[in-house]
Amino acid sequence: MLIDKHATLQCLGCIMKKPSLLEEYTLTQYDFEEEQFYAILFSCVYNLYNQGVEIIDTFAIDSFLSRYEKQYKIFNDNQGIDYCDDAIRLAELENFSYYLERLKKFSLLRYWDSCGVDIRNIYDQTIIDPSRQEQQAAKLDATSINDMILEEEDLLITKAKMLYGMDSSRRGQLAGKGMKELKERLKEEPEFGIPLQSPMMTTIARGARHKKVYLRSADSGGGKAIPNDTLIPTPFGKRRVGDIKIGDYLFDRKGEPTKVIGVYPQPKKKKIFEVTFSDGRIARCCDEHLWSYYNRWDSHTLHTSSLREIINKGIKRGKAYDFRVPVNEAVDYPEKQFSIPPYIMGLLLGDGSFRYNKTNKTLSYSSEDNYLPKKIGEIMNWKVKKNPSNNYSYYFEYSLDEQIKQGHENVWVEEVLKDFSGLWQKKSHEKYIPDIYLVGSIEQRRELLCGLLDTDGNVEKEKGRVTFSTTSPAMVEGFEELCHSLGIVVGIVKDKRTKYTTDVAYKVTIQTDPENKLTLFKLPKHINKIKDYFEKTKGKAIHKNKFISIVDIRETDEYVDMTCFTVDNDEHLFLMNDFIVTHNTRTSIADICNFSIPYFYDTDKKEWIYTGCEEPSLFISTELEEDEVQTIIMAYVSGVPENKILDGDYEGDEEERVDKAIEYIATYPLYIEIINDFGIEDISNIIKTYKREKGCHYFVFDYIHMSAKLIAEVASMSKGMKLREDQTLFLFMDTLKNLAMKLDIFILTMTQLNGTYKDSQIKDETMLRGAKSLADRIDLGEISLRPTSAELECVKKLMHNMYGVPIPNLVRHIYKVRRGKLTKIRLWQYADLSTGRTKDLFITDNYYNLIETEVAVAQIEKVIEEHSESLDDIQITDDEQQEATSTLLGSMPFDF
């Protein structure tokens with residue numbers, strides 16, 4: 001087995017003893033992957049440290065792993081508690097670097113072994129002679145990791161080149177060598193790749209060319225801005241949006257911690273819109289904020305739209321609301337230690353009296369019978385006493401030992417609430433739930449809810465509805481947050497009558513599934529009511545508590561600083577204030593279909609068209625699921641809108657066209673690869689594998705962004721030195737460009753834009769999110785956006801003579817074309833997003849000057865000079881210029 005168990009124990013013990021070593025040195029799960037137990041233990045310590053736990057002892061590790069059944073079993077099967085105790089006790093912090101290097105050496109050996117490298121010259125596992133084992137260990141100790149790598153590289157590479165290489169003596173060549181042959185070859189076969197979907201883009205980009213990388217950027221994911229002063233739930237309590245950093249944790253829709261992998265403060269203040277939901281919750285965001293929702297008529301498909309798109313569609317048809325946001329599941333806060341158990345705190349907040357004076361400090365409790373007082377006595381180890389002057393009042397006595405310790409018999413308010421002095425002397429309408437109880441574990445919060453409902457809750461006999469009543473506004477606010485954190489929808493009604501002390505009472509209605517109602521109580525009378533209701537309705541009672549509808553959107557006049565987040569989960573959803581679920585290619589999929597599938601249905605000619613392209617190609621997605629990619633491909637090839645395919649609602653020959661499209665798609669070499677968390681090595685290996693095994697030469701990667709694995713991988717590569725986001729993304733793009741050159745392939749990839757693009761008239765590489773340096777390694781750069789109202793006003797003036805030309809809904813800002821004749825231009829298109837198809841309309845420069853077919857040759861030459869990167873770099877003849885211009889403008893679909 002390729003593992004040094006002593007070095008492993010020492011490294012694990014040291015990082016438990018001093019977790020900050022994880023910042024000083026590079027340790028990853030791969031260093032412990034030889035045995036599941038070690039990998040689980042390291043991951044636990046790593047996660048606890050990243051969650052801000054300062055003391056990582058055996059108790060903390062056991063508590064963390066107890067939430068994960070499979071991992072906890074492995075931990076216990078390996079006597080994990082004893083192992084952790086030994087590791088901490090035996091850890092030698094002063095020798096950590098030695099043990100870490102030894103651990104890394106075995107990680108390297110395992111890696112080489114997995115690659116098929118013969119490592120016996122360094123470490124031979126078959127040696128059983130003790131003296132030889134000792135010699136081998138001494139040699140391994142004396143050899144540094146760098147020396148090991150250099151030695152192996154010499155054996156694998158240098159020697160191989162010497163023995164088998166054909167050009168090992170090559171040392172460069174004269175610049176003129178082979179130039180004539182190159183010139184003649186380009187006359188016969190000009191550098192021009194296979195067509196993209198758009199004829200205009202094909203002409204501008206010279207097709208999809210081998211050894212080239214094209215970058216397409218868009219506004220996807222740019223609309224998740226939330227006001228910086230908004231408080232949102234995190235595993236460590238509420239935090240301001242403006243204070244959250246990369247590496248912090250929020251909650252996903254399932255209530256589990258999700259890591260923040262991107263934080264994007266907006267460059268300008270944004271207008272606040274207030275979104276009101278059917279249960280009364282209100283979210284504040286900008287109109288570009290993305291919301292994931294179910295339609296009223298479709299409770300199975302999760303859609304995503306910006307708030308502006310929702311406003312334009314209208315939130316209501318008739319009396320029904322169309323947009324239903326999913327309700328979160330219970331959020332998973334860490335377990336807390338409480339001086340008062342949560343259930344008892346709930347009971348005391350409900351019917352306990354926190355009033356006292358100098359002559360009577362005793363805690364009293366009101367109840368119509370002794371059931372709940374007895375419960376309190378059992379759990380707290382108190383003796384229950386009934387107040388002789390009041391049939392509904394009880395008080396409690398300490399046990400004999402506790403009486404000696406306290407110096408008196410009765411339980412006092414001040415002693416019970418010693419950690420919560422803010423509740424002393426509070427009347428019913430002033431009570432509140434202490435904040436710490438609202439961030440206890442799921443089970444602790446459920447216990448608190450039971451205590452509150454057993455006292456101030458009720459079950460309506462006829463309707464089976466569960467309600468909670470209070471006269472305290474602070475209590476109703478805390479109760480609402482408690483329910484929301486457990487994934488429970490509530491509705492609040494104010495009852496304004498003078499019979500109440502404060503002239504107002506609050507009635508909270510709890511909406512949850514019938515089977516969950518029995519878990520809300522421990523008091524028999526309430527449980528029996530629910531059972532009776534179930535019997536009466538024969539189990540047919542249901543509650544629609546899986547989502548809340550958007551019932552109002554109000555535009556305010558307030559502009560504030562806002563921030564966007566990207567989170568590391570498959571849905572890219574996170575919980576914002578009040579536990580509301582919020583949201584972080586089609587043209588690229590269309591392009592790759594164009595590469596691989598030689599048939600598509602022409603909806604104008606109403607016939608199948610043969611294009612001739614059937615190149616093996618791969619689409620790599622980091623966000624979409626396989627079936628999501630498949631329906632987009634079906635829609636593009638068949639010309640049938642995707643929503644009809646999703647709904648199974650076809651008209652005329654549409655289903656027949658989709659069936660035919662599926663036949664074609666299944667026949668030709670288009671592949672899909674889905675990878676959610678990825679690093680540079682993952683993408684490189686996928687591309688190499690498909691090139692080698694499937695013969696793929698065309699790749700689309702959707703899309704370049706920061707991921708948890710990429711961050712860890714780059715940190716490892718840089719020996720723990722933290723690189724900025726722009727440096728990390730540049731390394732990624734550099735890798736893609738080198739792969740394209742080395743493997744002789746074409747790569748199209750995507751990235752998102754930063755917040756500055758809306759304020760700039762010229763869209764170029766400075767708009768790229770994360771790193772404008774990405775453009776340094778690409779061969780074509782474009783930014784695809786919906787045209788703004790101002791842009792449309794400008795081009796409408798150009799279109800007054802273009803009869804039958806639709807208003808463009810997509811503009812592609814082309815800011816770089818390496819070795820191209822036109823750049824810094826705008827291609828205006830009409831895009832049918834339901835099928836992914838686009839139609840070329842016309843081309844302008846960045847200042848809305850139309851490039852017309854009627855221009856003279858001299859003017860054409862001038863346009864080419866203005867829009868090329870450098871005319872000197874292109875070096876073409878007058879005839880070539882004229883031919884290129886006529887080819888470009890002659891392929892325009894409309895006569896201007």
# chains A, B, ... in the order shown; residues from 1 in each chain; ligands from 1

$ residues_around --residues "range 472-486 of chain A" --least-positions-apart "4" --cutoff "7 Å" --atoms "only C-alpha atoms" --output "PDB file with N, CA, C and O atoms, in the first residue's frame"
ATOM      1  N   GLU A 329     -35.893  24.030   2.118  1.00  0.00           N
ATOM      2  CA  GLU A 329     -35.982  23.007   3.157  1.00  0.00           C
ATOM      3  C   GLU A 329     -35.303  23.542   4.418  1.00  0.00           C
ATOM      4  O   GLU A 329     -34.688  24.614   4.399  1.00  0.00           O
ATOM      5  N   ALA A 330     -35.405  22.804   5.522  1.00  0.00           N
ATOM      6  CA  ALA A 330     -34.850  23.273   6.796  1.00  0.00           C
ATOM      7  C   ALA A 330     -33.346  23.517   6.673  1.00  0.00           C
ATOM      8  O   ALA A 330     -32.612  22.660   6.177  1.00  0.00           O
ATOM      9  N   VAL A 331     -32.894  24.708   7.112  1.00  0.00           N
ATOM     10  CA  VAL A 331     -31.474  25.032   7.003  1.00  0.00           C
ATOM     11  C   VAL A 331     -30.689  24.356   8.126  1.00  0.00           C
ATOM     12  O   VAL A 331     -31.171  24.218   9.251  1.00  0.00           O
ATOM     13  N   SER A 428     -46.016  39.396  28.853  1.00  0.00           N
ATOM     14  CA  SER A 428     -46.325  38.560  27.693  1.00  0.00           C
ATOM     15  C   SER A 428     -46.123  39.309  26.369  1.00  0.00           C
ATOM     16  O   SER A 428     -45.574  38.772  25.408  1.00  0.00           O
ATOM     17  N   HIS A 429     -46.567  40.560  26.325  1.00  0.00           N
ATOM     18  CA  HIS A 429     -46.485  41.302  25.061  1.00  0.00           C
ATOM     19  C   HIS A 429     -45.081  41.827  24.779  1.00  0.00           C
ATOM     20  O   HIS A 429     -44.851  42.464  23.753  1.00  0.00           O
ATOM     21  N   GLU A 430     -44.130  41.557  25.707  1.00  0.00           N
ATOM     22  CA  GLU A 430     -42.750  42.017  25.522  1.00  0.00           C
ATOM     23  C   GLU A 430     -41.779  40.863  25.272  1.00  0.00           C
ATOM     24  O   GLU A 430     -40.599  41.083  24.990  1.00  0.00           O
ATOM     25  N   LYS A 431     -42.253  39.641  25.388  1.00  0.00           N
ATOM     26  CA  LYS A 431     -41.357  38.480  25.248  1.00  0.00           C
ATOM     27  C   LYS A 431     -40.829  38.349  23.818  1.00  0.00           C
ATOM     28  O   LYS A 431     -41.438  38.826  22.863  1.00  0.00           O
ATOM     29  N   TYR A 432     -39.705  37.663  23.697  1.00  0.00           N
ATOM     30  CA  TYR A 432     -39.093  37.422  22.379  1.00  0.00           C
ATOM     31  C   TYR A 432     -38.282  36.132  22.447  1.00  0.00           C
ATOM     32  O   TYR A 432     -37.951  35.639  23.530  1.00  0.00           O
ATOM     33  N   ILE A 433     -37.978  35.566  21.303  1.00  0.00           N
ATOM     34  CA  ILE A 433     -37.132  34.364  21.229  1.00  0.00           C
ATOM     35  C   ILE A 433     -35.682  34.817  21.175  1.00  0.00           C
ATOM     36  O   ILE A 433     -35.303  35.571  20.260  1.00  0.00           O
ATOM     37  N   LEU A 438     -32.625  30.693  17.490  1.00  0.00           N
ATOM     38  CA  LEU A 438     -33.062  30.703  16.090  1.00  0.00           C
ATOM     39  C   LEU A 438     -31.997  30.146  15.154  1.00  0.00           C
ATOM     40  O   LEU A 438     -32.260  29.941  13.969  1.00  0.00           O
ATOM     41  N   VAL A 490     -45.788  30.435   6.592  1.00  0.00           N
ATOM     42  CA  VAL A 490     -46.740  30.953   7.584  1.00  0.00           C
ATOM     43  C   VAL A 490     -47.458  32.174   7.020  1.00  0.00           C
ATOM     44  O   VAL A 490     -46.960  32.852   6.117  1.00  0.00           O
ATOM     45  N   ASP A 578     -35.162  36.462   4.929  1.00  0.00           N
ATOM     46  CA  ASP A 578     -36.395  35.713   5.190  1.00  0.00           C
ATOM     47  C   ASP A 578     -36.397  34.351   4.516  1.00  0.00           C
ATOM     48  O   ASP A 578     -37.453  33.791   4.237  1.00  0.00           O
ATOM     49  N   PHE A 579     -35.223  33.816   4.218  1.00  0.00           N
ATOM     50  CA  PHE A 579     -35.102  32.458   3.670  1.00  0.00           C
ATOM     51  C   PHE A 579     -35.863  32.319   2.347  1.00  0.00           C
ATOM     52  O   PHE A 579     -36.537  31.319   2.092  1.00  0.00           O
TER      53      PHE A 579
END

$ residues_around --residues "Arg324 in chain A" --least-positions-apart "5" --cutoff "8 Å" --atoms "only C-alpha atoms" --output "ChimeraX atom specification"
/A:293-296,547-550

$ select_by_dssp --residues "range 597-778 of chain A" --states "strand (DSSP E or B)" --output "number ranges by chain"
A: 599-602, 607-610, 617-621, 670-674, 698-702, 746-753, 768

$ atom_distance --atom1 "CA of Thr631 in chain A" --atom2 "CA of Glu681 in chain A"
29.0 Å

$ atom_distance --atom1 "CA of Asp682 in chain A" --atom2 "CA of Ser107 in chain A"
18.1 Å

$ residues_around --residues "Ser617 in chain A" --least-positions-apart "3" --cutoff "6 Å" --atoms "only C-alpha atoms" --output "short mmCIF file (atom, residue, chain, number, x, y, z; two decimals) with N, CA, C and O atoms, in the first residue's frame"
data_model
loop_
_atom_site.label_atom_id
_atom_site.label_comp_id
_atom_site.auth_asym_id
_atom_site.auth_seq_id
_atom_site.Cartn_x
_atom_site.Cartn_y
_atom_site.Cartn_z
N LEU A 670 -21.89 13.81 -32.26
CA LEU A 670 -21.94 14.93 -31.32
C LEU A 670 -22.03 14.35 -29.90
O LEU A 670 -22.94 13.57 -29.61
N CYS A 696 -12.44 13.74 -31.88
CA CYS A 696 -13.04 15.08 -31.86
C CYS A 696 -11.98 16.14 -32.15
O CYS A 696 -10.89 16.12 -31.58
N TYR A 698 -13.42 19.50 -32.53
CA TYR A 698 -14.17 20.72 -32.25
C TYR A 698 -14.80 20.60 -30.86
O TYR A 698 -15.52 19.66 -30.57
N PHE A 699 -14.49 21.61 -30.02
CA PHE A 699 -14.92 21.55 -28.62
C PHE A 699 -15.58 22.87 -28.22
O PHE A 699 -15.10 23.96 -28.58
#

$ closest_residue --among "A:Glu34, A:Phe96, A:Glu558, A:Leu349" --to "Leu22 in chain A" --atoms "only C-alpha atoms"
A:Phe96

$ closest_residue --among "A:Leu103, A:Phe192, A:Arg777, A:Phe678" --to "Phe730 in chain A" --atoms "only C-alpha atoms"
A:Arg777

$ select_by_dssp --residues "range 358-490 of chain A" --states "helix (DSSP H, G or I)" --output "number ranges by chain"
A: 371-380, 400-406, 413-416, 421-423, 428-430, 435-439, 442-456, 473-485

$ atom_distance --atom1 "CA of Cys115 in chain A" --atom2 "CA of Ser684 in chain A"
15.2 Å

$ residues_around --residues "Lys17 in chain A" --least-positions-apart "3" --cutoff "12 Å" --atoms "only C-alpha atoms" --output "number ranges by chain"
A: 10-14, 20-22, 45, 49, 54-58, 84-94, 96

$ closest_residue --among "A:Glu791, A:Asp734, A:Glu101, A:Asp744" --to "Asp776 in chain A" --atoms "only C-alpha atoms"
A:Asp734

$ closest_residue --among "A:Pro598, A:Gly407, A:Gly242, A:Gly350" --to "Tyr610 in chain A" --atoms "only C-alpha atoms"
A:Pro598

$ residues_around --residues "Arg812 in chain A" --least-positions-apart "5" --cutoff "12 Å" --atoms "only C-alpha atoms" --output "MDAnalysis selection string"
chainID A and resid 198 200:201 204 215:218 587 762:764 781:787 823:831 838 840:846

$ write_last_selection --atoms "N, CA and C atoms" --output "short mmCIF file (atom, residue, chain, number, x, y, z; two decimals), in the first residue's frame"
data_model
loop_
_atom_site.label_atom_id
_atom_site.label_comp_id
_atom_site.auth_asym_id
_atom_site.auth_seq_id
_atom_site.Cartn_x
_atom_site.Cartn_y
_atom_site.Cartn_z
N SER A 198 -23.86 31.17 -38.00
CA SER A 198 -24.09 32.42 -38.71
C SER A 198 -23.16 32.56 -39.90
N MET A 200 -22.45 35.25 -41.45
CA MET A 200 -21.64 36.45 -41.25
C MET A 200 -20.48 36.18 -40.29
N MET A 201 -20.77 35.47 -39.18
CA MET A 201 -19.70 35.14 -38.24
C MET A 201 -18.68 34.20 -38.89
N ILE A 204 -16.53 36.55 -40.96
CA ILE A 204 -15.70 37.43 -40.12
C ILE A 204 -14.60 36.64 -39.41
N LEU A 215 -13.69 33.19 -27.96
CA LEU A 215 -14.32 33.48 -26.67
C LEU A 215 -15.60 34.28 -26.89
N ARG A 216 -16.68 33.76 -26.37
CA ARG A 216 -17.98 34.44 -26.49
C ARG A 216 -18.43 34.81 -25.07
N SER A 217 -18.76 36.06 -24.86
CA SER A 217 -19.16 36.53 -23.53
C SER A 217 -20.57 37.08 -23.58
N ALA A 218 -21.28 36.91 -22.46
CA ALA A 218 -22.66 37.36 -22.39
C ALA A 218 -22.99 37.76 -20.97
N THR A 587 -26.60 29.77 -28.43
CA THR A 587 -25.93 29.95 -29.72
C THR A 587 -24.70 29.05 -29.85
N ILE A 762 -18.57 51.22 -26.02
CA ILE A 762 -17.75 50.26 -26.75
C ILE A 762 -17.59 49.02 -25.88
N LYS A 763 -18.02 47.89 -26.39
CA LYS A 763 -17.93 46.63 -25.64
C LYS A 763 -16.69 45.87 -26.11
N ASP A 764 -15.73 45.65 -25.17
CA ASP A 764 -14.51 44.96 -25.54
C ASP A 764 -14.01 44.14 -24.36
N GLY A 781 -12.75 37.35 -30.23
CA GLY A 781 -13.49 37.74 -29.04
C GLY A 781 -14.76 38.47 -29.41
N GLU A 782 -15.88 38.04 -28.84
CA GLU A 782 -17.16 38.72 -29.10
C GLU A 782 -17.98 38.79 -27.83
N ILE A 783 -18.81 39.79 -27.73
CA ILE A 783 -19.72 39.96 -26.60
C ILE A 783 -21.14 40.01 -27.17
N SER A 784 -21.97 39.05 -26.77
CA SER A 784 -23.34 38.96 -27.28
C SER A 784 -24.31 39.52 -26.25
N LEU A 785 -25.10 40.52 -26.66
CA LEU A 785 -26.03 41.17 -25.75
C LEU A 785 -27.33 41.50 -26.45
N ARG A 786 -28.37 41.66 -25.65
CA ARG A 786 -29.59 42.22 -26.20
C ARG A 786 -29.35 43.71 -26.44
N PRO A 787 -29.79 44.25 -27.55
CA PRO A 787 -29.58 45.69 -27.78
C PRO A 787 -30.39 46.52 -26.79
N THR A 823 -12.75 43.76 -37.72
CA THR A 823 -12.90 43.64 -36.28
C THR A 823 -13.39 44.97 -35.75
N LYS A 824 -13.71 45.03 -34.47
CA LYS A 824 -14.30 46.23 -33.86
C LYS A 824 -15.56 46.63 -34.61
N ILE A 825 -16.43 45.67 -34.79
CA ILE A 825 -17.69 45.88 -35.50
C ILE A 825 -18.83 45.28 -34.69
N ARG A 826 -20.06 45.49 -35.16
CA ARG A 826 -21.24 44.92 -34.52
C ARG A 826 -22.06 44.17 -35.58
N LEU A 827 -22.34 42.92 -35.28
CA LEU A 827 -23.20 42.11 -36.14
C LEU A 827 -24.58 42.06 -35.49
N TRP A 828 -25.58 42.58 -36.21
CA TRP A 828 -26.93 42.64 -35.69
C TRP A 828 -27.72 41.45 -36.19
N GLN A 829 -28.42 40.77 -35.28
CA GLN A 829 -29.13 39.55 -35.63
C GLN A 829 -30.52 39.52 -35.01
N TYR A 830 -31.34 38.62 -35.54
CA TYR A 830 -32.60 38.28 -34.88
C TYR A 830 -32.47 36.85 -34.38
N ALA A 831 -32.62 36.65 -33.07
CA ALA A 831 -32.43 35.33 -32.47
C ALA A 831 -33.77 34.77 -32.02
N THR A 838 -30.34 31.81 -35.20
CA THR A 838 -30.17 33.25 -35.41
C THR A 838 -30.21 33.56 -36.90
N ASP A 840 -28.87 36.55 -39.60
CA ASP A 840 -28.04 37.74 -39.79
C ASP A 840 -28.88 38.86 -40.41
N LEU A 841 -28.70 40.09 -39.90
CA LEU A 841 -29.44 41.23 -40.43
C LEU A 841 -28.52 42.22 -41.13
N PHE A 842 -27.57 42.80 -40.41
CA PHE A 842 -26.65 43.76 -41.02
C PHE A 842 -25.47 43.97 -40.09
N ILE A 843 -24.45 44.70 -40.61
CA ILE A 843 -23.22 44.99 -39.85
C ILE A 843 -23.04 46.50 -39.78
N THR A 844 -22.63 46.96 -38.59
CA THR A 844 -22.22 48.36 -38.44
C THR A 844 -20.88 48.40 -37.73
N ASP A 845 -20.30 49.60 -37.71
CA ASP A 845 -19.15 49.77 -36.84
C ASP A 845 -19.68 50.13 -35.45
N ASN A 846 -18.79 50.49 -34.55
CA ASN A 846 -19.21 50.79 -33.18
C ASN A 846 -19.99 52.10 -33.06
#

$ residues_around --residues "range 124-132 of chain A" --least-positions-apart "3" --cutoff "12 Å" --atoms "only C-alpha atoms" --output "short mmCIF file (atom, residue, chain, number, x, y, z; two decimals) with N, CA, C and O atoms, in the first residue's frame"
data_model
loop_
_atom_site.label_atom_id
_atom_site.label_comp_id
_atom_site.auth_asym_id
_atom_site.auth_seq_id
_atom_site.Cartn_x
_atom_site.Cartn_y
_atom_site.Cartn_z
N MET A 1 0.84 -1.19 0.00
CA MET A 1 0.00 0.00 0.00
C MET A 1 0.88 1.25 0.00
O MET A 1 1.81 1.36 0.81
N LEU A 2 0.60 2.18 -0.92
CA LEU A 2 1.42 3.38 -1.06
C LEU A 2 0.96 4.45 -0.08
O LEU A 2 0.30 5.43 -0.44
N ILE A 3 1.31 4.28 1.17
CA ILE A 3 0.94 5.24 2.20
C ILE A 3 1.89 5.09 3.39
O ILE A 3 2.34 4.00 3.71
N ASP A 4 2.26 6.21 3.97
CA ASP A 4 3.06 6.21 5.19
C ASP A 4 2.10 6.56 6.34
O ASP A 4 1.72 7.73 6.51
N PHE A 106 4.57 10.25 -1.04
CA PHE A 106 3.71 9.09 -1.30
C PHE A 106 2.51 9.48 -2.16
O PHE A 106 2.02 8.67 -2.95
N LEU A 109 3.94 9.35 -5.58
CA LEU A 109 4.13 7.95 -6.01
C LEU A 109 2.79 7.33 -6.43
O LEU A 109 2.72 6.60 -7.43
N ARG A 110 1.74 7.62 -5.66
CA ARG A 110 0.42 7.09 -6.03
C ARG A 110 -0.04 7.64 -7.37
O ARG A 110 -0.63 6.94 -8.19
N ASP A 113 1.87 5.96 -10.09
CA ASP A 113 1.41 4.57 -10.20
C ASP A 113 0.07 4.51 -10.95
O ASP A 113 -0.16 3.63 -11.77
N ASP A 118 6.30 3.06 -13.93
CA ASP A 118 6.99 2.07 -13.10
C ASP A 118 7.80 2.80 -12.04
O ASP A 118 8.80 3.46 -12.34
N ILE A 119 7.37 2.70 -10.78
CA ILE A 119 8.01 3.47 -9.70
C ILE A 119 8.95 2.61 -8.86
O ILE A 119 9.43 3.04 -7.82
N ARG A 120 9.22 1.39 -9.31
CA ARG A 120 10.01 0.48 -8.48
C ARG A 120 11.42 0.98 -8.24
O ARG A 120 12.06 0.61 -7.26
N ASN A 121 11.96 1.80 -9.16
CA ASN A 121 13.30 2.32 -8.94
C ASN A 121 13.34 3.34 -7.79
O ASN A 121 14.40 3.63 -7.24
N GLN A 135 16.96 0.49 3.75
CA GLN A 135 17.77 1.22 2.77
C GLN A 135 16.87 2.05 1.84
O GLN A 135 17.17 3.21 1.51
N GLN A 136 15.77 1.42 1.42
CA GLN A 136 14.84 2.11 0.53
C GLN A 136 14.24 3.34 1.22
O GLN A 136 14.12 4.41 0.62
N ALA A 137 13.87 3.19 2.51
CA ALA A 137 13.29 4.30 3.26
C ALA A 137 14.30 5.43 3.42
O ALA A 137 13.96 6.62 3.32
N ALA A 138 15.57 5.06 3.69
CA ALA A 138 16.62 6.08 3.86
C ALA A 138 16.84 6.84 2.55
O ALA A 138 17.03 8.07 2.55
N LYS A 139 16.81 6.12 1.42
CA LYS A 139 17.00 6.76 0.12
C LYS A 139 15.84 7.72 -0.17
O LYS A 139 16.04 8.83 -0.67
N LEU A 140 14.61 7.28 0.16
CA LEU A 140 13.44 8.13 -0.07
C LEU A 140 13.52 9.38 0.78
O LEU A 140 13.18 10.49 0.33
#

$ closest_residue --among "A:Tyr847, A:Tyr815, A:Tyr636, A:Phe273" --to "Leu798 in chain A" --atoms "only C-alpha atoms"
A:Tyr847
